[in-house]
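Trainee: File structure15.cif follows (mmCIF, C-alpha atoms):
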data_upload
#
loop_
_atom_site.label_atom_id
_atom_site.label_comp_id
_atom_site.auth_asym_id
_atom_site.auth_seq_id
_atom_site.Cartn_x
_atom_site.Cartn_y
_atom_site.Cartn_z
CA MET U 1 13.78 28.02 60.00
CA ASN U 2 11.59 26.98 62.92
CA GLY U 3 10.08 23.85 64.35
CA ASP U 4 6.61 24.32 62.92
CA PRO U 5 5.31 21.44 60.83
CA PRO U 6 4.86 22.24 57.13
CA ALA U 7 1.44 23.55 56.16
CA PRO U 8 -0.83 20.62 55.31
CA ASP U 9 -1.32 20.45 51.57
CA VAL U 10 -4.73 18.83 51.73
CA LEU U 11 -7.56 21.19 52.59
CA GLN U 12 -10.89 19.93 53.76
CA LEU U 13 -14.31 21.42 53.45
CA ARG U 14 -17.90 20.45 53.97
CA PRO U 15 -20.82 21.49 51.78
CA ILE U 16 -23.10 24.09 53.35
CA GLY U 17 -26.17 23.07 51.38
CA ILE U 18 -27.47 21.62 48.15
CA ILE U 19 -28.58 22.99 44.79
CA ARG U 20 -31.62 21.53 43.05
CA THR U 21 -32.00 22.13 39.32
CA PRO U 22 -33.94 20.58 36.42
CA PHE U 23 -30.70 19.10 34.99
CA ARG U 24 -30.00 15.47 35.78
CA GLU U 25 -27.08 15.09 33.39
CA ALA U 26 -24.53 17.29 31.69
CA ALA U 27 -25.83 16.81 28.16
CA GLY U 28 -28.58 19.37 27.70
CA ALA U 29 -27.72 21.51 30.73
CA PRO U 30 -27.00 25.20 30.06
CA ILE U 31 -23.31 26.03 29.76
CA GLN U 32 -23.63 29.24 31.78
CA PRO U 33 -26.36 31.16 33.65
CA SER U 34 -26.37 33.73 30.83
CA ARG U 35 -27.37 30.98 28.41
CA SER U 36 -29.83 29.17 30.64
CA ARG U 37 -32.95 31.10 29.52
CA GLY U 38 -33.83 31.70 33.14
CA ALA U 39 -33.87 28.07 34.29
CA ARG U 40 -35.22 27.93 37.86
CA GLY U 41 -33.69 26.13 40.77
CA THR U 42 -33.51 26.14 44.54
CA VAL U 43 -30.60 26.45 46.92
CA THR U 44 -31.16 24.92 50.34
CA VAL U 45 -28.76 25.92 53.06
CA PHE U 46 -28.31 23.44 55.91
CA GLU U 47 -30.13 24.52 59.03
CA GLU U 48 -26.97 25.34 60.96
CA TYR U 49 -26.13 28.11 58.46
CA ARG U 50 -29.58 29.59 58.09
CA GLU U 51 -28.82 32.64 60.22
CA ALA U 52 -26.02 33.60 57.81
CA LEU U 53 -28.64 34.31 55.09
CA ARG U 54 -29.84 37.43 56.87
CA ASP U 55 -29.62 40.62 54.77
CA LEU U 56 -29.15 38.68 51.53
CA GLU U 57 -32.55 39.85 50.31
CA GLY U 58 -32.03 43.04 48.41
CA PHE U 59 -29.22 41.63 46.30
CA ASP U 60 -30.41 41.00 42.74
CA ARG U 61 -27.74 38.39 42.18
CA ILE U 62 -25.63 36.04 44.22
CA TRP U 63 -22.51 34.01 43.53
CA LEU U 64 -22.91 30.32 44.05
CA LEU U 65 -19.71 28.41 44.64
CA TYR U 66 -20.22 24.69 44.32
CA TRP U 67 -18.60 21.31 43.86
CA PHE U 68 -18.57 19.77 40.38
CA HIS U 69 -19.64 16.44 41.83
CA LEU U 70 -20.12 14.66 38.52
CA ALA U 71 -17.12 16.05 36.64
CA PRO U 72 -14.47 13.64 35.40
CA ALA U 73 -10.84 13.77 36.52
CA ALA U 74 -8.98 17.00 35.86
CA ARG U 75 -7.50 17.64 32.43
CA LEU U 76 -4.98 20.34 31.59
CA ARG U 77 -6.37 21.00 28.12
CA VAL U 78 -9.96 20.87 27.00
CA THR U 79 -12.03 21.75 23.98
CA PRO U 80 -14.57 24.10 25.56
CA PHE U 81 -18.23 24.19 24.58
CA LEU U 82 -17.76 27.54 22.88
CA ASP U 83 -14.81 26.58 20.71
CA THR U 84 -13.49 23.86 18.46
CA ALA U 85 -9.84 24.23 19.47
CA GLU U 86 -8.12 22.87 22.57
CA ARG U 87 -7.49 25.46 25.26
CA GLY U 88 -5.62 25.49 28.52
CA LEU U 89 -8.04 24.51 31.27
CA PHE U 90 -7.55 27.71 33.31
CA ALA U 91 -8.56 29.72 30.23
CA THR U 92 -11.94 27.94 30.28
CA ARG U 93 -14.84 27.39 32.66
CA ALA U 94 -14.89 23.63 32.05
CA PRO U 95 -15.83 21.49 35.10
CA CYS U 96 -12.90 19.04 34.98
CA ARG U 97 -10.71 21.27 37.17
CA PRO U 98 -8.09 20.20 39.70
CA THR U 99 -10.12 21.66 42.57
CA ARG U 100 -13.59 21.00 41.10
CA ILE U 101 -15.01 24.36 42.21
CA GLY U 102 -17.75 25.93 40.09
CA LEU U 103 -18.81 29.57 40.09
CA SER U 104 -22.08 31.03 38.78
CA ALA U 105 -23.81 34.38 39.24
CA VAL U 106 -27.51 33.54 39.50
CA GLU U 107 -30.51 35.77 39.99
CA LEU U 108 -31.98 35.73 43.48
CA LEU U 109 -35.78 35.63 43.32
CA ARG U 110 -36.91 34.90 46.85
CA ILE U 111 -35.78 33.59 50.21
CA GLU U 112 -38.13 31.40 52.22
CA GLY U 113 -36.52 30.21 55.42
CA ALA U 114 -33.38 28.31 54.43
CA VAL U 115 -34.42 27.95 50.78
CA LEU U 116 -33.41 30.37 48.04
CA GLU U 117 -35.31 30.44 44.77
CA VAL U 118 -32.95 31.36 41.98
CA SER U 119 -33.05 31.84 38.24
CA GLY U 120 -30.32 31.14 35.74
CA VAL U 121 -29.06 27.85 37.13
CA ASP U 122 -26.53 25.98 35.02
CA MET U 123 -25.40 23.31 37.47
CA LEU U 124 -26.57 19.73 37.75
CA ASP U 125 -29.24 18.63 40.20
CA GLU U 126 -27.99 17.84 43.72
CA THR U 127 -24.80 19.83 43.32
CA PRO U 128 -23.14 20.36 46.71
CA LEU U 129 -23.11 24.04 47.66
CA LEU U 130 -19.85 25.46 49.02
CA ASP U 131 -20.53 29.16 49.51
CA ILE U 132 -22.91 32.02 48.79
CA LYS U 133 -21.54 35.52 48.26
CA PRO U 134 -23.45 38.66 47.36
CA TYR U 135 -22.91 39.94 43.82
CA VAL U 136 -21.56 43.49 44.10
CA PRO U 137 -21.05 45.40 40.83
CA GLU U 138 -18.23 47.47 42.33
CA PHE U 139 -16.28 44.29 43.07
CA ASP U 140 -17.46 42.01 40.30
CA SER U 141 -18.62 43.86 37.19
CA TYR U 142 -16.13 44.69 34.44
CA PRO U 143 -18.25 44.97 31.30
CA GLU U 144 -15.32 46.07 29.13
CA ALA U 145 -12.88 43.31 30.09
CA LYS U 146 -11.47 41.58 27.02
CA SER U 147 -12.12 37.87 26.99
CA GLY U 148 -9.31 36.37 24.95
CA TRP U 149 -10.14 33.41 22.72
CA LEU U 150 -13.83 33.79 23.59
CA GLU U 151 -14.01 37.05 21.63
CA GLY U 152 -13.29 35.16 18.44
CA ALA U 153 -15.56 32.27 19.35
CA ALA U 154 -18.94 33.49 18.20
CA SER U 155 -20.65 30.25 19.08
CA GLU U 156 -24.29 30.58 19.95
CA ARG U 157 -24.21 27.27 21.76
CA ARG U 158 -26.47 27.31 24.76
CA LEU U 159 -26.51 23.74 26.01
CA ALA U 160 -23.76 21.36 27.05
CA ASP U 161 -23.12 17.99 25.48
CA ASP U 162 -21.57 15.05 27.29
CA ARG U 163 -17.90 15.93 26.76
CA PHE U 164 -17.32 16.47 30.48
CA SER U 165 -19.46 13.61 31.71
CA LYS U 166 -18.00 10.87 33.84
CA GLU U 167 -19.99 8.22 32.00
CA ARG U 168 -18.43 8.93 28.66
CA PRO U 169 -16.77 5.78 27.33
CA GLU U 170 -12.98 5.95 27.28
CA GLY U 171 -11.50 6.79 23.94
CA GLU U 172 -14.59 8.33 22.43
CA PRO U 173 -13.92 11.68 20.86
CA MET M 1 -34.16 3.76 48.83
CA ASN M 2 -31.11 1.88 47.60
CA GLY M 3 -27.96 0.36 49.02
CA ASP M 4 -25.57 3.13 48.02
CA PRO M 5 -23.50 4.59 50.81
CA PRO M 6 -24.30 8.23 51.61
CA ALA M 7 -22.21 10.78 49.76
CA PRO M 8 -19.10 11.64 51.78
CA ASP M 9 -19.62 14.98 53.44
CA VAL M 10 -15.97 15.94 53.63
CA LEU M 11 -14.48 17.15 50.37
CA GLN M 12 -10.76 17.38 49.87
CA LEU M 13 -8.74 19.64 47.68
CA ARG M 14 -5.14 20.62 47.14
CA PRO M 15 -3.90 24.11 46.32
CA ILE M 16 -2.74 24.54 42.73
CA GLY M 17 -0.33 27.38 43.48
CA ILE M 18 0.42 30.32 45.71
CA ILE M 19 -0.37 34.03 45.67
CA ARG M 20 2.28 36.54 46.72
CA THR M 21 1.17 40.03 47.72
CA PRO M 22 2.58 42.97 49.70
CA PHE M 23 0.16 42.28 52.58
CA ARG M 24 1.52 40.34 55.52
CA GLU M 25 -1.47 40.90 57.79
CA ALA M 26 -5.13 41.70 57.47
CA ALA M 27 -4.94 45.17 59.01
CA GLY M 28 -3.99 47.52 56.20
CA ALA M 29 -4.76 45.13 53.34
CA PRO M 30 -7.29 46.31 50.74
CA ILE M 31 -10.81 45.05 51.32
CA GLN M 32 -11.43 44.35 47.64
CA PRO M 33 -9.49 44.56 44.35
CA SER M 34 -11.55 47.62 43.40
CA ARG M 35 -10.19 49.41 46.46
CA SER M 36 -6.61 48.19 46.25
CA ARG M 37 -5.29 51.09 44.14
CA GLY M 38 -3.71 48.62 41.78
CA ALA M 39 -1.62 46.71 44.31
CA ARG M 40 0.66 44.28 42.46
CA GLY M 41 1.16 40.64 43.19
CA THR M 42 2.18 37.37 41.59
CA VAL M 43 0.37 34.09 41.20
CA THR M 44 2.61 31.06 40.83
CA VAL M 45 1.00 27.91 39.56
CA PHE M 46 2.66 24.64 40.54
CA GLU M 47 4.65 23.16 37.69
CA GLU M 48 2.26 20.27 37.14
CA TYR M 49 -0.51 22.70 36.16
CA ARG M 50 1.54 25.02 33.99
CA GLU M 51 0.15 23.67 30.74
CA ALA M 52 -3.38 24.63 31.85
CA LEU M 53 -2.38 28.33 31.62
CA ARG M 54 -2.31 28.21 27.82
CA ASP M 55 -4.63 30.73 26.12
CA LEU M 56 -5.11 32.73 29.31
CA GLU M 57 -3.24 35.66 27.80
CA GLY M 58 -5.76 37.86 26.08
CA PHE M 59 -8.07 37.95 29.08
CA ASP M 60 -7.91 41.34 30.80
CA ARG M 61 -9.07 39.89 34.09
CA ILE M 62 -9.07 36.56 35.83
CA TRP M 63 -10.92 35.17 38.81
CA LEU M 64 -8.70 33.94 41.58
CA LEU M 65 -10.28 31.44 43.96
CA TYR M 66 -8.21 30.97 47.05
CA TRP M 67 -8.12 29.71 50.62
CA PHE M 68 -8.52 32.24 53.46
CA HIS M 69 -5.63 30.63 55.30
CA LEU M 70 -5.44 33.18 58.11
CA ALA M 71 -9.14 33.73 58.69
CA PRO M 72 -10.60 32.89 62.08
CA ALA M 73 -13.31 30.29 62.61
CA ALA M 74 -16.56 30.84 60.76
CA ARG M 75 -19.16 33.20 62.17
CA LEU M 76 -22.76 33.45 61.05
CA ARG M 77 -23.01 37.19 61.59
CA VAL M 78 -20.32 39.78 61.05
CA THR M 79 -19.96 43.52 60.97
CA PRO M 80 -18.47 44.01 57.51
CA PHE M 81 -15.78 46.56 56.71
CA LEU M 82 -18.27 48.67 54.78
CA ASP M 83 -20.92 48.88 57.46
CA THR M 84 -21.45 49.44 61.16
CA ALA M 85 -24.34 46.96 61.53
CA GLU M 86 -24.15 43.20 61.85
CA ARG M 87 -25.05 41.31 58.69
CA GLY M 88 -25.60 37.69 57.83
CA LEU M 89 -22.28 36.23 56.71
CA PHE M 90 -23.55 35.14 53.27
CA ALA M 91 -24.61 38.73 52.60
CA THR M 92 -20.97 39.80 53.02
CA ARG M 93 -17.58 39.00 51.56
CA ALA M 94 -15.95 38.56 54.97
CA PRO M 95 -13.23 35.86 55.15
CA CYS M 96 -14.54 33.94 58.19
CA ARG M 97 -16.71 31.66 56.04
CA PRO M 98 -17.58 28.02 56.67
CA THR M 99 -15.69 26.92 53.56
CA ARG M 100 -12.98 29.62 53.65
CA ILE M 101 -13.02 30.23 49.90
CA GLY M 102 -12.15 33.71 48.64
CA LEU M 103 -12.97 35.17 45.23
CA SER M 104 -11.36 38.17 43.54
CA ALA M 105 -11.36 39.49 39.98
CA VAL M 106 -7.81 40.77 39.42
CA GLU M 107 -6.23 42.35 36.38
CA LEU M 108 -3.90 40.06 34.43
CA LEU M 109 -0.77 41.96 33.41
CA ARG M 110 1.61 39.31 32.12
CA ILE M 111 2.35 35.60 32.13
CA GLU M 112 5.94 34.44 32.37
CA GLY M 113 6.16 30.66 32.49
CA ALA M 114 4.14 29.54 35.49
CA VAL M 115 4.04 33.01 37.05
CA LEU M 116 1.21 35.50 36.51
CA GLU M 117 1.73 39.16 37.29
CA VAL M 118 -1.52 40.64 38.47
CA SER M 119 -2.83 43.98 39.67
CA GLY M 120 -5.56 44.63 42.20
CA VAL M 121 -4.63 42.01 44.77
CA ASP M 122 -6.51 42.11 48.07
CA MET M 123 -5.42 38.80 49.59
CA LEU M 124 -2.69 38.17 52.12
CA ASP M 125 0.79 37.05 51.17
CA GLU M 126 1.23 33.31 50.68
CA THR M 127 -2.46 32.68 50.17
CA PRO M 128 -3.04 29.17 48.76
CA LEU M 129 -4.46 29.33 45.25
CA LEU M 130 -7.42 27.02 44.49
CA ASP M 131 -8.41 27.91 40.95
CA ILE M 132 -8.03 30.37 38.09
CA LYS M 133 -10.95 31.11 35.79
CA PRO M 134 -11.12 33.59 32.93
CA TYR M 135 -13.26 36.66 33.57
CA VAL M 136 -15.94 36.73 30.87
CA PRO M 137 -18.29 39.76 30.84
CA GLU M 138 -21.12 37.72 29.31
CA PHE M 139 -21.01 35.34 32.29
CA ASP M 140 -19.82 37.63 35.06
CA SER M 141 -20.71 41.27 34.49
CA TYR M 142 -24.01 42.65 35.78
CA PRO M 143 -23.37 46.38 36.24
CA GLU M 144 -26.97 47.14 37.16
CA ALA M 145 -27.41 44.45 39.83
CA LYS M 146 -28.72 45.93 43.08
CA SER M 147 -26.48 45.27 46.02
CA GLY M 148 -28.74 45.30 49.06
CA TRP M 149 -27.36 46.78 52.26
CA LEU M 150 -24.22 47.86 50.41
CA GLU M 151 -26.21 50.46 48.46
CA GLY M 152 -26.91 52.33 51.66
CA ALA M 153 -23.40 51.84 53.01
CA ALA M 154 -21.55 54.73 51.43
CA SER M 155 -18.31 53.92 53.23
CA GLU M 156 -15.18 54.99 51.45
CA ARG M 157 -13.15 52.55 53.47
CA ARG M 158 -10.36 51.09 51.42
CA LEU M 159 -8.28 49.12 53.89
CA ALA M 160 -9.10 46.33 56.31
CA ASP M 161 -8.56 46.47 60.04
CA ASP M 162 -7.92 43.44 62.22
CA ARG M 163 -11.51 42.41 62.85
CA PHE M 164 -11.08 39.14 60.96
CA SER M 165 -7.57 38.36 62.19
CA LYS M 166 -6.85 35.15 64.03
CA GLU M 167 -4.58 36.92 66.47
CA ARG M 168 -7.26 39.25 67.77
CA PRO M 169 -7.62 38.78 71.54
CA GLU M 170 -10.90 37.12 72.55
CA GLY M 171 -13.58 39.49 73.71
CA GLU M 172 -12.16 42.60 72.10
CA PRO M 173 -14.79 44.49 70.12
#
Hey, can you dump this file as structure tokens for me?
Mentor:
Amino acid sequence: MNGDPPAPDVLQLRPIGIIRTPFREAAGAPIQPSRSRGARGTVTVFEEYREALRDLEGFDRIWLLYWFHLAPAARLRVTPFLDTAERGLFATRAPCRPTRIGLSAVELLRIEGAVLEVSGVDMLDETPLLDIKPYVPEFDSYPEAKSGWLEGAASERRLADDRFSKERPEGEP
Amino acid sequence: MNGDPPAPDVLQLRPIGIIRTPFREAAGAPIQPSRSRGARGTVTVFEEYREALRDLEGFDRIWLLYWFHLAPAARLRVTPFLDTAERGLFATRAPCRPTRIGLSAVELLRIEGAVLEVSGVDMLDETPLLDIKPYVPEFDSYPEAKSGWLEGAASERRLADDRFSKERPEGEP
């Protein structure tokens, strides 16, 4: 209807920092912060963003948004760690997502300059950090929300295997 | 230490769908789903990703990750809607973030083909959708988490003004 060019369909972003964790590979890493048994890690924000950390102390938890840098190509169906049946990808938290963005609520222990000490990390070492947001129960906490297929999946699994690793040989189950 | 090229620092992604809401501009839009009074919207996933929606029914809530397409350039300090003092950007949910990624837990009402009807939308109309994740209380719900400066900010504000609008004239407070 007007002469504007169409909106570009490729979006670009740059990491704002890096996440260090004890997990060098997917197999053996926790599948979620809640199953990580308090694994410790650090989040280092690049110097240019350091000022944006002000006032973050005082929040018990923070959201880390990050890039699944070692995830394989996107799949539309996956067999998640907590189930034995295939599920639609968007009904899971699997890393092989079209936009490769991960989301974890970790516990904030301490801030020292541009470095955050956190507990409950479930991401791999050297994961590129995309954003930090404060965890706010009014916005984020819905303890009664029903969680679909996960309600039936009573798996106690705590650690990942290599099913979403890039290195997995083609054709292996 | 080795001959590998440095990791590329620009990441690329493509939207996976589009979010339609009643809000054409920031001023007057809800500041969070919890303050939206159940505003309805739709999330349309592009046809190529439709299969990934399987098994999403049964989740009461879903996370929408999206692109703040109308947010102004990033700032390191902002005066958030719920306060009168300047805060570090990462201690707020303001849209003018370096990586422009928004995060909202909305209520999932119905899925019809590739279209999700949702309640509690707080994003602007035609927001590019980046990801859908199931809301899982075990991973996401921490009702007791302390929320820093927000605990003291007893603002009842429900709707945004134009402080994070691109169109705002330079220099206006």
Trainee: Applied to the shown file, which residues does the PyMOL selection byres ((chain M) within 7 of (chain U)) return, written as a PyMOL selection string?
Mentor: chain M and resi 9-15+32-34+49+51-61+76-77+87-93+99+105+130-143+145-148
Trainee: For CA of Ser165 in chain U and CA of Glu25 in chain U, determine how far apart the two atoms are, in Å to one decimal place.
Mentor: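 These two atoms are separated by 7.9 Å.
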Trainee: Run the PyMOL selection byres ((chain U and resi 71) around 7) on the file and write out the hits as a list in words.
Mentor: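 That selection, the PyMOL selection byres ((chain U and resi 71) around 7), comes back as Phe68, His69, Leu70, Pro72, Ala73, Pro95, Cys96, Phe164, Ser165 and Lys166 of chain U.
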Trainee: Write a file of the selected residues as a PDB file, keeping the file's coordinate frame, keeping C-alpha atoms.
Mentor:
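Written output follows (again37.pdb):
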ATOM      1  CA  PHE U  68     -18.570  19.770  40.380  1.00  0.00           C
ATOM      2  CA  HIS U  69     -19.640  16.440  41.830  1.00  0.00           C
ATOM      3  CA  LEU U  70     -20.120  14.660  38.520  1.00  0.00           C
ATOM      4  CA  PRO U  72     -14.470  13.640  35.400  1.00  0.00           C
ATOM      5  CA  ALA U  73     -10.840  13.770  36.520  1.00  0.00           C
ATOM      6  CA  PRO U  95     -15.830  21.490  35.100  1.00  0.00           C
ATOM      7  CA  CYS U  96     -12.900  19.040  34.980  1.00  0.00           C
ATOM      8  CA  PHE U 164     -17.320  16.470  30.480  1.00  0.00           C
ATOM      9  CA  SER U 165     -19.460  13.610  31.710  1.00  0.00           C
ATOM     10  CA  LYS U 166     -18.000  10.870  33.840  1.00  0.00           C
TER      11      LYS U 166
END
Trainee: For CA of Gly17 in chain M and CA of Val43 in chain M, quote the distance in Å rounded to one decimal.
Mentor: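 Separation between CA of Gly17 in chain M and CA of Val43 in chain M: 7.1 Å.
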Trainee: For a test of reading the model, state the distance in Å between CA of Pro80 in chain M and CA of Met123 in chain M, rounded to one decimal.
Mentor: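 Taking CA of Pro80 in chain M and CA of Met123 in chain M, their separation equals 16.1 Å.
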Trainee: Could you pull range 68-102 of chain U out of the block above and give me N, CA and C atoms, as a JSON list (two decimals), in the first residue's frame?
Mentor:
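After the write, part.json holds the following:
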[["chain", "number", "residue", "atom", "x", "y", "z"],
["U", 68, "PHE", "N", 21.91, -21.24, 22.06],
["U", 68, "PHE", "CA", 22.30, -22.66, 22.10],
["U", 68, "PHE", "C", 23.37, -22.89, 21.04],
["U", 69, "HIS", "N", 24.62, -22.55, 21.40],
["U", 69, "HIS", "CA", 25.67, -22.51, 20.38],
["U", 69, "HIS", "C", 26.09, -23.89, 19.89],
["U", 70, "LEU", "N", 25.83, -24.92, 20.68],
["U", 70, "LEU", "CA", 26.25, -26.25, 20.25],
["U", 70, "LEU", "C", 25.08, -27.15, 19.86],
["U", 71, "ALA", "N", 23.90, -26.57, 19.75],
["U", 71, "ALA", "CA", 22.73, -27.40, 19.40],
["U", 71, "ALA", "C", 22.76, -27.74, 17.91],
["U", 72, "PRO", "N", 22.23, -28.91, 17.58],
["U", 72, "PRO", "CA", 22.16, -29.28, 16.16],
["U", 72, "PRO", "C", 21.06, -28.49, 15.46],
["U", 73, "ALA", "N", 20.91, -28.71, 14.18],
["U", 73, "ALA", "CA", 19.89, -28.03, 13.39],
["U", 73, "ALA", "C", 18.51, -28.28, 13.98],
["U", 74, "ALA", "N", 17.61, -27.34, 13.74],
["U", 74, "ALA", "CA", 16.26, -27.43, 14.30],
["U", 74, "ALA", "C", 15.54, -28.69, 13.82],
["U", 75, "ARG", "N", 14.76, -29.27, 14.73],
["U", 75, "ARG", "CA", 13.85, -30.36, 14.38],
["U", 75, "ARG", "C", 12.46, -29.95, 14.81],
["U", 76, "LEU", "N", 11.45, -30.47, 14.15],
["U", 76, "LEU", "CA", 10.08, -30.10, 14.52],
["U", 76, "LEU", "C", 9.50, -31.03, 15.56],
["U", 77, "ARG", "N", 10.04, -32.24, 15.65],
["U", 77, "ARG", "CA", 9.62, -33.18, 16.69],
["U", 77, "ARG", "C", 10.85, -33.73, 17.37],
["U", 78, "VAL", "N", 10.75, -33.88, 18.67],
["U", 78, "VAL", "CA", 11.87, -34.42, 19.43],
["U", 78, "VAL", "C", 11.33, -35.36, 20.51],
["U", 79, "THR", "N", 12.18, -36.23, 20.96],
["U", 79, "THR", "CA", 11.86, -37.03, 22.15],
["U", 79, "THR", "C", 12.59, -36.37, 23.31],
["U", 80, "PRO", "N", 11.83, -35.65, 24.15],
["U", 80, "PRO", "CA", 12.49, -34.85, 25.20],
["U", 80, "PRO", "C", 13.09, -35.73, 26.28],
["U", 81, "PHE", "N", 14.00, -35.14, 27.05],
["U", 81, "PHE", "CA", 14.68, -35.89, 28.11],
["U", 81, "PHE", "C", 13.70, -36.50, 29.10],
["U", 82, "LEU", "N", 12.57, -35.83, 29.30],
["U", 82, "LEU", "CA", 11.64, -36.29, 30.33],
["U", 82, "LEU", "C", 10.54, -37.19, 29.80],
["U", 83, "ASP", "N", 10.69, -37.68, 28.58],
["U", 83, "ASP", "CA", 9.64, -38.53, 28.03],
["U", 83, "ASP", "C", 10.26, -39.55, 27.08],
["U", 84, "THR", "N", 9.44, -40.53, 26.71],
["U", 84, "THR", "CA", 9.91, -41.53, 25.76],
["U", 84, "THR", "C", 9.17, -41.41, 24.44],
["U", 85, "ALA", "N", 8.20, -40.48, 24.38],
["U", 85, "ALA", "CA", 7.42, -40.29, 23.15],
["U", 85, "ALA", "C", 7.89, -39.03, 22.43],
["U", 86, "GLU", "N", 7.71, -39.00, 21.13],
["U", 86, "GLU", "CA", 8.02, -37.79, 20.36],
["U", 86, "GLU", "C", 7.01, -36.70, 20.67],
["U", 87, "ARG", "N", 7.49, -35.48, 20.77],
["U", 87, "ARG", "CA", 6.61, -34.34, 21.04],
["U", 87, "ARG", "C", 6.93, -33.23, 20.06],
["U", 88, "GLY", "N", 5.95, -32.37, 19.83],
["U", 88, "GLY", "CA", 6.21, -31.19, 19.01],
["U", 88, "GLY", "C", 7.26, -30.33, 19.71],
["U", 89, "LEU", "N", 8.20, -29.80, 18.94],
["U", 89, "LEU", "CA", 9.31, -29.07, 19.53],
["U", 89, "LEU", "C", 8.86, -27.95, 20.46],
["U", 90, "PHE", "N", 7.83, -27.18, 20.04],
["U", 90, "PHE", "CA", 7.41, -26.02, 20.86],
["U", 90, "PHE", "C", 6.73, -26.45, 22.16],
["U", 91, "ALA", "N", 6.43, -27.73, 22.30],
["U", 91, "ALA", "CA", 5.90, -28.25, 23.56],
["U", 91, "ALA", "C", 7.02, -28.79, 24.44],
["U", 92, "THR", "N", 8.27, -28.52, 24.06],
["U", 92, "THR", "CA", 9.44, -28.97, 24.82],
["U", 92, "THR", "C", 10.40, -27.81, 25.03],
["U", 93, "ARG", "N", 11.44, -28.06, 25.85],
["U", 93, "ARG", "CA", 12.47, -27.06, 26.05],
["U", 93, "ARG", "C", 13.77, -27.50, 25.37],
["U", 94, "ALA", "N", 13.66, -28.43, 24.44],
["U", 94, "ALA", "CA", 14.85, -28.95, 23.75],
["U", 94, "ALA", "C", 15.62, -27.82, 23.05],
["U", 95, "PRO", "N", 16.95, -27.96, 22.93],
["U", 95, "PRO", "CA", 17.78, -26.88, 22.38],
["U", 95, "PRO", "C", 17.74, -26.74, 20.85],
["U", 96, "CYS", "N", 17.30, -27.77, 20.14],
["U", 96, "CYS", "CA", 17.36, -27.72, 18.67],
["U", 96, "CYS", "C", 16.17, -26.95, 18.12],
["U", 97, "ARG", "N", 16.11, -25.65, 18.44],
["U", 97, "ARG", "CA", 14.98, -24.79, 18.09],
["U", 97, "ARG", "C", 15.32, -23.93, 16.89],
["U", 98, "PRO", "N", 14.31, -23.52, 16.13],
["U", 98, "PRO", "CA", 14.60, -22.69, 14.96],
["U", 98, "PRO", "C", 15.40, -21.44, 15.30],
["U", 99, "THR", "N", 15.10, -20.81, 16.45],
["U", 99, "THR", "CA", 15.83, -19.58, 16.77],
["U", 99, "THR", "C", 16.89, -19.77, 17.86],
["U", 100, "ARG", "N", 17.11, -21.00, 18.30],
["U", 100, "ARG", "CA", 18.25, -21.34, 19.16],
["U", 100, "ARG", "C", 18.35, -20.51, 20.44],
["U", 101, "ILE", "N", 17.24, -20.00, 20.94],
["U", 101, "ILE", "CA", 17.30, -19.19, 22.17],
["U", 101, "ILE", "C", 16.93, -20.04, 23.37],
["U", 102, "GLY", "N", 17.80, -20.04, 24.38],
["U", 102, "GLY", "CA", 17.54, -20.75, 25.62],
["U", 102, "GLY", "C", 17.12, -19.79, 26.72]]
